[in-house]
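See below for protein_31.txt, which holds compact mmCIF, C-alpha atoms.
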```
# COMPACT_ATOMS: atom_id res chain seq x y z
CA MET F 1 76.81 89.73 198.66
CA ALA F 2 76.63 90.35 194.95
CA PHE F 3 73.82 88.58 193.18
CA THR F 4 71.53 89.07 190.20
CA ILE F 5 67.75 89.12 190.53
CA GLY F 6 65.11 88.08 188.03
CA VAL F 7 61.49 89.08 188.55
CA ILE F 8 59.01 86.96 186.61
CA GLY F 9 56.08 89.30 186.28
CA GLY F 10 58.26 92.39 186.58
CA ALA F 11 55.87 94.33 184.36
CA GLY F 12 53.12 93.86 186.93
CA TRP F 13 52.39 96.13 189.83
CA LEU F 14 53.91 94.11 192.69
CA GLY F 15 56.87 92.82 190.69
CA GLY F 16 57.64 96.35 189.58
CA ALA F 17 57.36 97.67 193.14
CA ILE F 18 59.84 95.06 194.39
CA ALA F 19 62.21 95.84 191.53
CA ALA F 20 62.09 99.56 192.29
CA ALA F 21 62.66 98.92 196.00
CA VAL F 22 65.76 96.75 195.53
CA LEU F 23 67.23 99.25 193.09
CA ASP F 24 66.61 102.19 195.41
CA ALA F 25 68.17 100.30 198.32
CA GLY F 26 71.20 99.25 196.28
CA VAL F 27 70.47 95.55 196.76
CA THR F 28 71.30 95.12 193.09
CA GLN F 29 72.22 97.37 190.18
CA PRO F 30 70.12 97.83 187.02
CA GLN F 31 72.54 95.64 185.06
CA GLY F 32 71.93 92.86 187.59
CA LEU F 33 68.14 93.04 187.32
CA SER F 34 66.08 91.04 184.83
CA LEU F 35 62.33 91.41 184.38
CA SER F 36 59.81 89.61 182.23
CA TYR F 37 56.67 90.89 180.54
CA ARG F 38 53.84 89.22 178.64
CA LYS F 39 52.76 91.63 175.90
CA GLN F 40 54.44 95.03 175.88
CA ARG F 41 57.73 96.06 177.44
CA PRO F 42 57.20 98.81 180.04
CA ASP F 43 59.17 102.05 180.00
CA ARG F 44 60.47 101.53 183.55
CA PHE F 45 64.02 100.51 184.45
CA PRO F 46 65.60 101.22 181.04
CA ASN F 47 69.00 99.82 182.05
CA ALA F 48 67.61 96.49 183.27
CA PHE F 49 67.26 93.40 181.09
CA TRP F 50 63.70 92.94 179.81
CA THR F 51 62.45 89.79 178.12
CA PRO F 52 59.19 87.98 177.31
CA ASP F 53 61.08 84.68 177.76
CA ASN F 54 60.88 83.56 181.39
CA GLN F 55 63.45 80.80 180.96
CA ALA F 56 65.95 83.32 179.55
CA LEU F 57 65.37 85.43 182.67
CA VAL F 58 65.99 82.41 184.91
CA ASP F 59 69.17 81.45 183.09
CA ARG F 60 70.79 84.85 183.71
CA SER F 61 69.65 85.31 187.35
CA ASP F 62 70.93 84.01 190.69
CA VAL F 63 67.63 84.66 192.47
CA ILE F 64 64.19 84.33 190.88
CA VAL F 65 61.16 86.17 192.24
CA LEU F 66 57.82 84.71 191.13
CA SER F 67 55.33 87.55 190.90
CA VAL F 68 52.43 86.24 188.83
CA ARG F 69 48.78 85.65 189.61
CA PRO F 70 48.30 82.30 191.37
CA ALA F 71 45.80 81.33 188.67
CA ASP F 72 48.49 81.84 185.99
CA TRP F 73 51.26 80.03 187.87
CA PRO F 74 50.53 76.42 186.70
CA GLU F 75 51.34 77.50 183.12
CA LEU F 76 54.69 78.98 184.15
CA LYS F 77 57.08 76.31 182.85
CA VAL F 78 60.61 77.22 183.91
CA ASN F 79 63.40 75.01 185.23
CA THR F 80 65.41 76.94 187.80
CA GLY F 81 68.13 74.30 188.13
CA GLY F 82 68.32 74.49 191.91
CA LYS F 83 68.46 78.29 192.15
CA LEU F 84 66.86 80.30 194.95
CA VAL F 85 63.18 80.91 194.15
CA ILE F 86 61.14 83.46 196.10
CA SER F 87 57.39 83.26 195.61
CA VAL F 88 55.24 86.30 196.41
CA MET F 89 52.08 84.45 195.36
CA ALA F 90 49.29 83.71 197.80
CA GLY F 91 48.21 80.14 198.32
CA ILE F 92 50.90 78.16 196.45
CA PRO F 93 52.62 75.77 198.93
CA MET F 94 56.37 75.23 199.01
CA SER F 95 56.09 71.56 198.06
CA ALA F 96 54.36 72.51 194.79
CA LEU F 97 56.91 75.25 194.09
CA CYS F 98 59.83 72.88 194.67
CA GLU F 99 58.43 70.25 192.34
CA HIS F 100 57.26 72.64 189.63
CA HIS F 101 60.54 74.58 189.39
CA GLN F 102 63.08 71.83 190.10
CA THR F 103 64.64 73.35 193.19
CA GLN F 104 64.64 72.75 196.93
CA ARG F 105 65.73 76.33 197.67
CA VAL F 106 62.28 77.89 197.89
CA VAL F 107 60.89 80.79 199.90
CA ARG F 108 57.21 81.60 200.36
CA SER F 109 56.65 85.27 201.13
CA LEU F 110 53.76 87.69 201.20
CA PRO F 111 54.59 91.35 200.63
CA ASN F 112 51.68 93.73 200.17
CA ALA F 113 50.70 96.83 198.22
CA ALA F 114 52.65 99.14 200.52
CA ALA F 115 55.88 97.88 198.94
CA GLU F 116 55.32 100.73 196.48
CA VAL F 117 56.07 103.23 199.27
CA ARG F 118 58.57 100.94 201.08
CA LYS F 119 56.09 100.22 203.89
CA SER F 120 55.17 96.61 203.20
CA TYR F 121 55.07 94.06 205.98
CA THR F 122 56.45 90.81 204.52
CA PRO F 123 56.30 87.48 206.35
CA TRP F 124 58.30 84.64 204.79
CA ILE F 125 59.36 81.04 205.34
CA THR F 126 62.00 78.86 203.69
CA ALA F 127 62.21 75.26 202.56
CA ALA F 128 64.65 72.94 204.31
CA ASP F 129 67.47 73.23 201.75
CA THR F 130 67.86 77.00 201.95
CA ASN F 131 70.96 78.25 203.74
CA ASP F 132 72.06 81.30 205.70
CA ASP F 133 73.16 83.12 202.55
CA ASP F 134 69.72 82.53 201.04
CA ARG F 135 68.08 83.96 204.15
CA ALA F 136 70.34 87.01 204.01
CA ILE F 137 69.23 87.61 200.41
CA VAL F 138 65.56 87.35 201.38
CA ARG F 139 66.04 89.81 204.22
CA ALA F 140 67.85 92.27 201.96
CA ILE F 141 65.08 92.18 199.35
CA PHE F 142 62.20 92.59 201.78
CA ASP F 143 63.95 95.07 204.07
CA ALA F 144 64.11 97.21 200.93
CA CYS F 145 60.31 96.91 200.67
CA GLY F 146 59.60 97.75 204.32
CA VAL F 147 59.69 95.35 207.29
CA GLN F 148 60.11 91.56 207.13
CA ASP F 149 59.87 88.61 209.51
CA GLU F 150 60.77 84.97 209.07
CA VAL F 151 57.83 82.97 210.45
CA ARG F 152 57.59 79.39 211.67
CA THR F 153 55.06 77.58 209.47
CA GLU F 154 53.31 77.77 206.13
CA ALA F 155 50.02 77.91 208.02
CA GLU F 156 51.14 81.29 209.36
CA ILE F 157 51.84 82.48 205.82
CA ASP F 158 48.32 81.43 204.82
CA TYR F 159 46.89 83.41 207.75
CA PHE F 160 48.97 86.46 206.86
CA THR F 161 47.33 86.43 203.42
CA GLY F 162 44.33 88.05 205.05
CA LEU F 163 45.96 89.85 207.94
CA THR F 164 48.66 91.81 206.07
CA GLY F 165 48.48 90.64 202.45
CA SER F 166 45.47 92.91 202.11
CA GLY F 167 47.80 95.93 202.33
CA PRO F 168 45.71 99.11 202.47
CA ALA F 169 42.41 97.36 201.66
CA PHE F 170 41.08 97.00 205.21
CA PRO F 171 42.08 100.49 206.42
CA ALA F 172 40.60 101.78 203.15
CA LEU F 173 37.35 99.90 203.88
CA LEU F 174 37.18 101.57 207.29
CA ALA F 175 37.95 104.93 205.69
CA LYS F 176 35.19 104.41 203.10
CA ALA F 177 32.62 103.64 205.79
CA MET F 178 33.63 106.77 207.69
CA MET F 179 33.54 108.88 204.54
CA ASP F 180 30.10 107.54 203.61
CA ASP F 181 28.83 108.55 207.04
CA ALA F 182 30.38 112.00 206.69
CA LEU F 183 28.60 112.49 203.36
CA LEU F 184 25.30 111.44 204.93
CA HIS F 185 25.87 114.24 207.44
CA GLY F 186 26.23 116.77 204.65
CA LEU F 187 30.00 117.27 204.47
CA ASP F 188 31.58 118.31 201.20
CA ARG F 189 33.03 115.22 199.43
CA ASP F 190 36.55 116.62 199.03
CA ILE F 191 36.68 117.77 202.65
CA ALA F 192 35.40 114.39 203.85
CA ARG F 193 37.99 112.57 201.76
CA ARG F 194 40.87 114.70 203.05
CA ALA F 195 39.71 114.40 206.64
CA VAL F 196 39.37 110.61 206.55
CA ASN F 197 42.58 110.04 204.60
CA MET F 198 44.57 112.16 207.05
CA LEU F 199 43.01 110.30 209.97
CA ILE F 200 44.26 106.97 208.58
CA ILE F 201 47.68 108.39 207.65
CA GLY F 202 48.11 110.04 211.05
CA ALA F 203 47.14 106.87 212.92
CA GLY F 204 49.69 104.87 210.96
CA ARG F 205 52.45 107.39 211.55
CA LEU F 206 51.75 107.48 215.31
CA LEU F 207 51.79 103.69 215.56
CA GLU F 208 55.04 103.64 213.60
CA ARG F 209 56.70 106.32 215.74
CA HIS F 210 55.72 104.94 219.13
CA ASP F 211 55.86 101.24 218.11
CA GLU F 212 53.21 100.40 220.68
CA CYS F 213 50.56 97.70 220.64
CA PRO F 214 47.29 98.91 219.03
CA CYS F 215 45.45 97.51 222.06
CA ASP F 216 47.24 100.11 224.22
CA THR F 217 45.90 102.93 222.03
CA VAL F 218 42.36 101.55 222.18
CA ARG F 219 42.60 101.07 225.96
CA ALA F 220 43.77 104.65 226.47
CA PHE F 221 40.74 106.05 224.64
CA LEU F 222 38.36 103.71 226.44
CA GLU F 223 39.73 104.73 229.82
CA TYR F 224 39.20 108.41 228.97
CA ARG F 225 35.48 107.66 228.54
CA GLY F 226 34.91 110.44 226.03
CA THR F 227 33.30 110.56 222.60
CA THR F 228 35.79 108.09 221.11
CA ALA F 229 35.01 105.54 223.82
CA ALA F 230 31.31 105.93 223.12
CA ALA F 231 31.94 105.26 219.43
CA ILE F 232 34.14 102.22 220.12
CA ASP F 233 31.54 100.72 222.47
CA GLU F 234 28.80 101.16 219.88
CA MET F 235 30.92 99.73 217.04
CA ARG F 236 31.73 96.66 219.10
CA THR F 237 28.10 96.19 220.09
CA ALA F 238 27.23 96.28 216.38
CA GLY F 239 29.71 93.46 215.74
CA PHE F 240 32.91 95.23 214.67
CA ASP F 241 35.31 92.68 216.21
CA THR F 242 33.26 89.75 214.92
CA ALA F 243 33.15 91.18 211.39
CA ILE F 244 36.94 91.54 211.33
CA ALA F 245 37.46 87.97 212.56
CA ARG F 246 35.02 86.61 209.99
CA GLY F 247 36.73 88.53 207.20
CA LEU F 248 40.17 87.25 208.15
CA GLY F 249 38.76 83.74 208.36
CA ALA F 250 37.35 84.04 204.85
CA ALA F 251 40.72 85.22 203.54
CA LEU F 252 42.47 82.27 205.21
CA ARG F 253 40.05 79.78 203.65
CA LYS F 254 40.50 81.38 200.24
CA SER F 255 44.29 81.22 200.55
CA VAL F 256 44.25 77.51 201.37
CA THR F 257 41.85 76.62 198.56
CA MET F 258 43.80 78.62 195.97
CA GLY F 259 46.87 76.43 196.26
CA GLY F 260 45.79 73.37 198.21
CA ALA F 261 46.36 72.88 201.90
CA SER F 262 49.85 73.71 203.14
```
Rewrite the structure of this file - the entire thing - as structure tokens.
Amino acid sequence: MAFTIGVIGGAGWLGGAIAAAVLDAGVTQPQGLSLSYRKQRPDRFPNAFWTPDNQALVDRSDVIVLSVRPADWPELKVNTGGKLVISVMAGIPMSALCEHHQTQRVVRSLPNAAAEVRKSYTPWITAADTNDDDRAIVRAIFDACGVQDEVRTEAEIDYFTGLTGSGPAFPALLAKAMMDDALLHGLDRDIARRAVNMLIIGAGRLLERHDECPCDTVRAFLEYRGTTAAAIDEMRTAGFDTAIARGLGAALRKSVTMGGAS
């Protein structure tokens, strides 16, 4: 399929990452890509169409990606005229998107920061009036960013805001706690940083290569009953699992309150 893409908020980090991904994957060509900016035109994508006028971007695009902060979205006054609209904003329900942008062809999606390195996990869901061609477009865009899944309900999208929308934040939080402990034990800061970063990178690569359930990895270490098992037991006793569940619950509540209940 040949189609043109407009990214409202293309000067931002996530919008720019999506634009780079679809260009690299050949989903569209630079001449078929439009991006909007608020103050200063970026130096990226010199052959794409740049504009501060969001309606002008919509008028020349087949598919519109909304990549603005949810707090800024109510002021985004564009009429899409029934075109396919893909929101990457957390918390804004499809009903509000349909009404605000005059279209019933709406997709709610939630890529994360790893889109920059083509490793985003992106769940998405469509409104009733989207068709098979629309779904093929969504898959092409988010396959370019990493891995995508069409999910069943908007409630699942809200939950994914915390689970995967965080991108590297939660692994980074774990890495920070481990690095802080290493520093307390006298390790050099640069060595501690490299050690912890490689631990997280290596774990991700192994999970990707073997495509196994994380619970299988944890079970294997517990059954060995070595030092790692001792650490896992102590972390769980201290409330590790409960802390994760509470954090994800807080993210879910925040997602729902940002845009109203889905």
* Return the single residue from F:Asp134, F:Met258, F:Glu156, F:Leu23 that is closest to Pro74 in chain F, with distances computed using all atoms listed in the file. =>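 Distance minimum relative to Pro74 in chain F lands on F:Met258.
Take CA of Phe49 in chain F and CA of Gly91 in chain F: the distance between them is 28.9 Å.
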* To do: For CA of Ala136 in chain F and CA of Gly204 in chain F, determine how far apart the two atoms are, in Å to one decimal place.
  => 28.2 Å
Using 6 Å as the limit and counting all atoms listed in the file, can you tabulate each residue of range 11-110 of chain F that touches range 140-153 of chain F, with its shortest atom-to-atom distance in Å and the two atoms involved, as JSON lines?
```
{"residue": "F:Ala21", "atom": "CA", "partner": "F:Ala144", "partner_atom": "CA", "distance": 5.4}
{"residue": "F:Val22", "atom": "CA", "partner": "F:Ala144", "partner_atom": "CA", "distance": 5.7}
{"residue": "F:Ala25", "atom": "CA", "partner": "F:Ala144", "partner_atom": "CA", "distance": 5.7}
```
Shell around range 247-250 of chain F at 10 Å using all atoms listed in the file, local window under 6 positions removed, as a short mmCIF file (atom, residue, chain, number, x, y, z; two decimals) with C-alpha atoms, in the frame of the given file:
```cif
data_model
loop_
_atom_site.label_atom_id
_atom_site.label_comp_id
_atom_site.auth_asym_id
_atom_site.auth_seq_id
_atom_site.Cartn_x
_atom_site.Cartn_y
_atom_site.Cartn_z
CA TYR F 159 46.89 83.41 207.75
CA PHE F 160 48.97 86.46 206.86
CA THR F 161 47.33 86.43 203.42
CA GLY F 162 44.33 88.05 205.05
CA LEU F 163 45.96 89.85 207.94
CA THR F 164 48.66 91.81 206.07
CA SER F 166 45.47 92.91 202.11
CA PHE F 170 41.08 97.00 205.21
#
```
* Asked: Restricting the calculation to all atoms listed in the file, which member of F:Ala192, F:Ala220, F:Ala203, F:Ile86 is positioned closest to Pro171 in chain F?
  ->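 When distances to Pro171 in chain F are compared using all atoms listed in the file, the smallest one comes from F:Ala203.
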May I have a table of the residues of range 25-90 of chain F lying at most 12 Å from range 113-133 of chain F, giving each one's closest pair of atoms and their distance in Å to one decimal, counting only C-alpha atoms, ordered by chain and ascending residue number, as JSON lines?
```
{"residue": "F:Ala25", "atom": "CA", "partner": "F:Arg118", "partner_atom": "CA", "distance": 10.0}
{"residue": "F:Val63", "atom": "CA", "partner": "F:Asp133", "partner_atom": "CA", "distance": 11.6}
{"residue": "F:Gly82", "atom": "CA", "partner": "F:Asp129", "partner_atom": "CA", "distance": 10.0}
{"residue": "F:Lys83", "atom": "CA", "partner": "F:Thr130", "partner_atom": "CA", "distance": 9.9}
{"residue": "F:Leu84", "atom": "CA", "partner": "F:Thr130", "partner_atom": "CA", "distance": 7.8}
{"residue": "F:Val85", "atom": "CA", "partner": "F:Thr126", "partner_atom": "CA", "distance": 9.8}
{"residue": "F:Ile86", "atom": "CA", "partner": "F:Thr126", "partner_atom": "CA", "distance": 8.9}
{"residue": "F:Ser87", "atom": "CA", "partner": "F:Trp124", "partner_atom": "CA", "distance": 9.3}
{"residue": "F:Val88", "atom": "CA", "partner": "F:Trp124", "partner_atom": "CA", "distance": 9.1}
{"residue": "F:Met89", "atom": "CA", "partner": "F:Trp124", "partner_atom": "CA", "distance": 11.3}
{"residue": "F:Ala90", "atom": "CA", "partner": "F:Trp124", "partner_atom": "CA", "distance": 11.4}
```
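If you look at CA of Ile8 in chain F and CA of Leu76 in chain F, they are 9.4 Å away from each other.
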All residues 8 Å or closer to Val58 in chain F, only C-alpha atoms, same chain fewer than 2 positions away omitted, as a compact mmCIF listing (two decimals) with C-alpha atoms, in the frame of the given file:
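Writing the result to part.txt gives the following:
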```
# COMPACT_ATOMS: atom_id res chain seq x y z
CA GLY F 6 65.11 88.08 188.03
CA ASN F 54 60.88 83.56 181.39
CA GLN F 55 63.45 80.80 180.96
CA ALA F 56 65.95 83.32 179.55
CA ARG F 60 70.79 84.85 183.71
CA SER F 61 69.65 85.31 187.35
CA ASP F 62 70.93 84.01 190.69
CA ILE F 64 64.19 84.33 190.88
CA VAL F 78 60.61 77.22 183.91
CA ASN F 79 63.40 75.01 185.23
CA THR F 80 65.41 76.94 187.80
```
Just need the box for range 113-125 of chain F, edges along x, y and z, holding every atom the file lists for it with 6 Å tacked onto each side, so centre and edge lengths in Å to one decimal, as lines of an AutoDock Vina configuration file.
```
center_x = 55.0
center_y = 92.1
center_z = 201.4
size_x = 20.7
size_y = 34.2
size_z = 21.9
```
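With only C-alpha atoms as the atoms that count, the minimum distance from Gly15 in chain F to the choices F:Val65, F:Ile191, F:Leu33, F:Ile232 is reached by F:Val65.
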* From the list F:Tyr37, F:Asp181, F:Leu97, F:Phe221, which residue is nearest Arg193 in chain F when using all atoms listed in the file? ->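 The shortest atom-to-atom distance to Arg193 in chain F comes from F:Asp181.
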* **9 Å contact set for Leu35 in chain F, only C-alpha atoms, chain neighbours under 6 positions out, as a ChimeraX atom specification** => /F:5-11,15-16,19,48-52,54,57
* To do: Would you list the residues near (39.2, 101.9, 222.1) (no more than 10 Å away, in the coordinates of the file, using only C-alpha atoms) as a list in words?
  => Pro214, Cys215, Asp216, Thr217, Val218, Arg219, Ala220, Phe221, Leu222, Glu223, Tyr224, Arg225, Thr228, Ala229, Ala230, Ala231, Ile232, Asp233, Met235 and Arg236 of chain F
* Asked: For Leu14 in chain F, which residue among F:Asn197, F:Ser34, F:Ser67, F:Thr242 is the nearest when counting all atoms listed in the file?
  ->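 Checking each candidate against Leu14 in chain F, we get F:Ser67 as the closest.
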